[in-house]
file coords_9.cif (mmCIF, C-alpha atoms)
data_run
loop_
_atom_site.label_atom_id
_atom_site.label_comp_id
_atom_site.auth_asym_id
_atom_site.auth_seq_id
_atom_site.Cartn_x
_atom_site.Cartn_y
_atom_site.Cartn_z
CA MET H 22 111.61 99.23 104.51
CA THR H 23 111.68 96.27 106.85
CA PRO H 24 115.04 94.58 107.53
CA GLN H 25 113.81 91.48 105.70
CA LEU H 26 112.86 93.45 102.57
CA ALA H 27 116.18 95.34 102.68
CA LYS H 28 118.02 92.02 102.89
CA GLN H 29 116.03 90.62 99.92
CA ALA H 30 116.66 93.77 97.87
CA ALA H 31 120.39 93.68 98.62
CA SER H 32 120.65 89.98 97.83
CA SER H 33 118.72 90.33 94.56
CA ASP H 34 121.64 92.33 93.18
CA THR H 35 124.19 89.67 93.98
CA ASP H 36 122.73 86.17 94.33
CA GLY H 37 122.25 85.38 90.64
CA GLU H 38 118.59 84.43 91.09
CA GLY H 39 116.57 86.52 88.66
CA PRO H 40 117.43 89.94 87.33
CA SER H 41 119.30 92.49 89.41
CA ARG H 42 117.76 95.84 90.27
CA ASP H 43 120.06 97.48 87.72
CA GLU H 44 118.72 95.17 84.99
CA VAL H 45 115.15 95.95 86.03
CA PHE H 46 115.76 99.71 86.11
CA THR H 47 117.55 99.60 82.75
CA ALA H 48 114.69 97.62 81.22
CA LEU H 49 112.06 99.99 82.60
CA SER H 50 113.99 103.21 81.99
CA ASN H 51 112.47 103.62 78.54
CA ARG H 52 108.79 104.33 77.87
CA ARG H 53 108.67 102.04 74.83
CA ARG H 54 109.95 99.09 76.83
CA ARG H 55 107.39 99.80 79.57
CA ASN H 56 104.69 99.99 76.91
CA VAL H 57 105.82 96.67 75.42
CA ILE H 58 105.33 95.06 78.84
CA LYS H 59 101.95 96.80 79.20
CA PHE H 60 100.84 95.59 75.74
CA LEU H 61 101.95 92.01 76.35
CA LYS H 62 100.27 91.95 79.76
CA ALA H 63 97.01 93.17 78.20
CA SER H 64 97.18 90.67 75.32
CA GLY H 65 97.88 87.77 77.67
CA THR H 66 99.65 85.67 75.03
CA GLU H 67 102.37 86.05 72.49
CA ALA H 68 102.11 88.95 70.08
CA ARG H 69 103.58 89.87 66.72
CA VAL H 70 106.16 92.65 66.67
CA ARG H 71 104.09 94.35 63.96
CA ASP H 72 101.03 94.49 66.27
CA ILE H 73 103.10 95.81 69.16
CA ALA H 74 104.66 98.49 66.94
CA GLU H 75 101.26 99.52 65.64
CA GLN H 76 99.80 99.90 69.15
CA LEU H 77 102.84 101.74 70.51
CA ALA H 78 102.80 104.12 67.54
CA ALA H 79 99.11 104.79 68.21
CA TRP H 80 99.80 105.50 71.89
CA GLU H 81 102.80 107.70 71.13
CA ASN H 82 100.93 109.75 68.51
CA ASP H 83 97.67 109.81 70.45
CA VAL H 84 95.65 108.33 67.61
CA GLU H 85 93.61 105.19 67.00
CA ILE H 86 95.38 102.24 65.35
CA PRO H 87 93.75 102.76 61.91
CA ALA H 88 95.11 106.34 61.87
CA VAL H 89 98.74 105.25 62.39
CA THR H 90 100.82 106.05 59.32
CA TYR H 91 103.36 103.73 57.76
CA LYS H 92 106.18 106.08 58.78
CA GLN H 93 105.03 106.18 62.44
CA ARG H 94 104.71 102.40 62.62
CA LYS H 95 108.03 101.80 60.84
CA ARG H 96 109.91 104.15 63.21
CA VAL H 97 108.59 102.25 66.25
CA TYR H 98 109.07 98.84 64.61
CA THR H 99 112.71 99.58 63.81
CA ALA H 100 113.47 100.78 67.34
CA LEU H 101 111.74 97.75 68.85
CA HIS H 102 113.53 95.28 66.57
CA GLN H 103 116.99 96.82 66.88
CA SER H 104 117.06 97.92 70.51
CA HIS H 105 114.13 97.50 72.89
CA LEU H 106 113.07 93.89 72.33
CA PRO H 107 116.64 92.53 72.40
CA LYS H 108 117.27 94.44 75.65
CA LEU H 109 114.12 93.03 77.28
CA ALA H 110 114.99 89.54 76.01
CA ALA H 111 118.58 89.78 77.29
CA SER H 112 117.25 90.64 80.74
CA GLY H 113 114.92 87.63 80.56
CA PHE H 114 111.65 89.57 80.76
CA ILE H 115 110.38 88.47 77.34
CA ASP H 116 110.90 85.68 74.84
CA TYR H 117 111.71 87.28 71.49
CA GLU H 118 111.83 85.18 68.35
CA SER H 119 113.18 87.76 65.92
CA ASP H 120 113.10 85.40 62.93
CA ARG H 121 109.36 84.75 63.46
CA GLY H 122 108.56 88.23 64.81
CA LEU H 123 106.92 86.88 67.99
CA VAL H 124 107.18 88.21 71.53
CA SER H 125 105.79 86.89 74.83
CA LEU H 126 106.24 87.57 78.54
CA THR H 127 108.34 85.22 80.68
CA GLU H 128 108.00 84.32 84.35
CA GLU H 129 110.81 86.82 85.06
CA SER H 130 108.45 89.63 84.01
CA ARG H 131 106.49 89.05 87.22
CA GLN H 132 109.42 90.60 89.11
CA LEU H 133 108.71 93.90 87.36
CA GLU H 134 105.54 94.31 89.48
CA VAL H 135 107.60 95.51 92.41
CA TYR H 136 109.12 98.30 90.35
CA LEU H 137 106.44 99.24 87.86
CA GLU H 138 103.53 101.39 88.93
CA ILE H 139 101.40 102.31 85.96
CA VAL H 140 100.16 105.86 86.26
CA SER H 141 98.50 107.47 83.29
CA GLU H 142 99.18 111.09 82.39
CA ASN H 143 95.83 112.20 83.85
CA GLU H 144 96.29 110.51 87.22
CA ILE H 145 98.10 111.78 90.28
CA LEU H 146 100.40 109.58 92.31
CA TRP H 147 98.80 107.98 95.35
CA GLY H 148 101.38 109.56 97.65
CA GLU H 149 100.37 113.01 96.39
CA TYR H 150 96.69 112.16 96.81
CA TYR H 151 97.13 111.04 100.43
CA ALA H 152 99.25 114.10 101.25
CA GLY H 153 96.55 116.37 99.79
CA LEU H 154 93.83 114.51 101.68
CA ALA H 155 95.77 114.88 104.94
CA VAL H 156 96.15 118.64 104.32
CA VAL H 157 92.40 119.05 103.67
CA CYS H 158 91.51 117.03 106.77
CA GLY H 159 94.00 119.04 108.80
CA LEU H 160 92.52 122.34 107.59
CA LEU H 161 89.02 121.13 108.45
CA ALA H 162 90.18 120.09 111.92
CA VAL H 163 91.87 123.46 112.52
CA ALA H 164 88.78 125.33 111.28
CA GLY H 165 86.55 123.36 113.66
CA TRP H 166 88.98 123.69 116.58
CA THR H 167 89.33 127.48 116.18
CA GLY H 168 85.56 127.96 115.94
CA THR H 169 85.44 129.15 112.34
CA ALA H 170 81.84 129.26 111.11
CA PRO H 171 80.25 126.97 109.86
CA PHE H 172 82.84 124.38 110.91
CA ASP H 173 82.32 125.09 114.62
CA THR H 174 78.86 123.49 114.50
CA VAL H 175 80.24 120.04 113.68
CA SER H 176 81.34 117.85 116.58
CA GLY H 177 84.80 116.34 116.87
CA TYR H 178 83.30 112.85 116.62
CA SER H 179 81.71 113.77 113.30
CA TYR H 180 85.08 114.98 111.99
CA ALA H 181 86.74 111.78 113.19
CA ALA H 182 84.10 109.67 111.45
CA LEU H 183 84.40 111.75 108.25
CA PHE H 184 88.21 111.44 108.20
CA ALA H 185 88.05 107.70 108.85
CA LEU H 186 85.51 107.31 106.05
CA LEU H 187 87.59 109.39 103.61
CA PHE H 188 90.83 107.52 104.30
CA GLY H 189 89.08 104.13 104.35
CA ALA H 190 87.36 104.74 100.99
CA SER H 191 90.62 106.06 99.55
CA GLY H 192 92.44 102.96 100.73
CA LEU H 193 89.89 100.67 99.07
CA VAL H 194 90.10 102.58 95.77
CA HIS H 195 93.92 102.52 95.99
CA ARG H 196 93.93 98.76 96.58
CA THR H 197 91.56 98.16 93.65
CA SER H 198 93.67 100.36 91.38
CA THR H 199 96.88 98.62 92.43
CA LYS H 200 95.39 95.16 91.79
CA ARG H 201 94.22 96.28 88.33
CA ASN H 202 97.72 97.53 87.43
CA ARG H 203 99.62 94.42 88.53
CA LEU H 204 101.53 92.62 85.84
CA GLY H 205 100.95 89.11 87.19
#
call {"tool": "encode", "arguments": {"input": "coords_9.cif", "output": "structure tokens"}}
result
Amino acid sequence: MTPQLAKQAASSDTDGEGPSRDEVFTALSNRRRRNVIKFLKASGTEARVRDIAEQLAAWENDVEIPAVTYKQRKRVYTALHQSHLPKLAASGFIDYESDRGLVSLTEESRQLEVYLEIVSENEILWGEYYAGLAVVCGLLAVAGWTGTAPFDTVSGYSYAALFALLFGASGLVHRTSTKRNRLG
């Protein structure tokens, strides 16, 4: 972390401008609250609590929305109404009109981008991917350097070009994925 970023992070806990890191971590510590943010980001406008509860129940039960039962939806709706939405609203990340049952993102929700990396259950973290790629490239380099057949027939320049291509392509895919997952 650069000294400037460290200074900004330290001051964000104490300067009163926007939510503190503790508020952000508390808000994002629960999967339902993260999914509320994800749903609202995808919808782009305000949403009804009923629609949010229906979608979250579908995600949690790994079913399509029409297959969500009343009991599943009601359990999520109750938790959202009593706990999760008030917590997100108190932190300033959403506007929650409980009497009308409407929820929308606020400008404060943009600050969640720094902390929230959306990784689905079937994806690996980018750090793990790059570490694995470095290990594979290292093994290839060692195999070529020690003269292990058939790796000894490939020149060092070819390995360098291959490694540059692999890391460059990976970087482009990573950047595209990160842009797609941004909240703002």
call {"tool": "axis_aligned_box", "arguments": {"input": "coords_9.cif", "around": "range 165-182 of chain H", "padding_each_side": "3 Å", "output": "JSON"}}
result
{"center_x": 84.1, "center_y": 119.5, "center_z": 113.4, "size_x": 16.5, "size_y": 25.6, "size_z": 13.0}
call {"tool": "resolve_selection", "arguments": {"input": "coords_9.cif", "expression": "the PyMOL selection byres ((chain H and resi 118) around 12)", "output": "ChimeraX atom specification"}}
result
/H:67-70,102,106-107,110,115-117,119-126
call {"tool": "closest_residue", "arguments": {"input": "coords_9.cif", "among": "H:Val89, H:Leu109, H:Leu133, H:Leu154", "to": "Val57 in chain H", "atoms": "only C-alpha atoms"}}
result
H:Leu109
call {"tool": "atom_distance", "arguments": {"input": "coords_9.cif", "atom1": "CA of Leu160 in chain H", "atom2": "CA of Ser198 in chain H"}}
result
27.3 Å
call {"tool": "residues_near_point", "arguments": {"input": "coords_9.cif", "point": "(116.4, 100.1, 84.9)", "cutoff": "12 Å", "atoms": "all atoms listed in the file", "output": "list of chain:residue names"}}
result
H:Pro40, H:Ser41, H:Arg42, H:Asp43, H:Glu44, H:Val45, H:Phe46, H:Thr47, H:Ala48, H:Leu49, H:Ser50, H:Asn51, H:Arg52, H:Arg54, H:Arg55, H:Lys108, H:Leu109, H:Ser112, H:Leu133, H:Tyr136, H:Leu137
call {"tool": "resolve_selection", "arguments": {"input": "coords_9.cif", "expression": "the PyMOL selection byres ((chain H and resi 177) around 12)", "output": "PyMOL selection string"}}
result
chain H and resi 161-166+168+172-176+178-184
call {"tool": "write_last_selection", "arguments": {"input": "coords_9.cif", "atoms": "C-alpha atoms", "output": "CSV table (one decimal), in the frame of the given file"}}
result
chain,number,residue,atom,x,y,z
H,161,LEU,CA,89.0,121.1,108.4
H,162,ALA,CA,90.2,120.1,111.9
H,163,VAL,CA,91.9,123.5,112.5
H,164,ALA,CA,88.8,125.3,111.3
H,165,GLY,CA,86.6,123.4,113.7
H,166,TRP,CA,89.0,123.7,116.6
H,168,GLY,CA,85.6,128.0,115.9
H,172,PHE,CA,82.8,124.4,110.9
H,173,ASP,CA,82.3,125.1,114.6
H,174,THR,CA,78.9,123.5,114.5
H,175,VAL,CA,80.2,120.0,113.7
H,176,SER,CA,81.3,117.8,116.6
H,178,TYR,CA,83.3,112.8,116.6
H,179,SER,CA,81.7,113.8,113.3
H,180,TYR,CA,85.1,115.0,112.0
H,181,ALA,CA,86.7,111.8,113.2
H,182,ALA,CA,84.1,109.7,111.4
H,183,LEU,CA,84.4,111.8,108.2
H,184,PHE,CA,88.2,111.4,108.2
call {"tool": "atom_distance", "arguments": {"input": "coords_9.cif", "atom1": "CA of Phe188 in chain H", "atom2": "CA of Lys200 in chain H"}}
result
18.2 Å
call {"tool": "atom_distance", "arguments": {"input": "coords_9.cif", "atom1": "CA of Tyr98 in chain H", "atom2": "CA of Ala63 in chain H"}}
result
19.0 Å
call {"tool": "resolve_selection", "arguments": {"input": "coords_9.cif", "expression": "the PyMOL selection byres ((chain H and resi 74) around 10)", "output": "list in words"}}
result
Arg53, Val57, Arg69, Val70, Arg71, Asp72, Ile73, Glu75, Gln76, Leu77, Ala78, Ala79, Trp80, Gln93, Arg94, Lys95, Arg96, Val97, Tyr98, Thr99, Ala100, Leu101 and His102 of chain H
call {"tool": "closest_residue", "arguments": {"input": "coords_9.cif", "among": "H:Thr127, H:Ser191, H:Thr199, H:Thr169", "to": "Thr66 in chain H", "atoms": "all atoms listed in the file"}}
result
H:Thr127
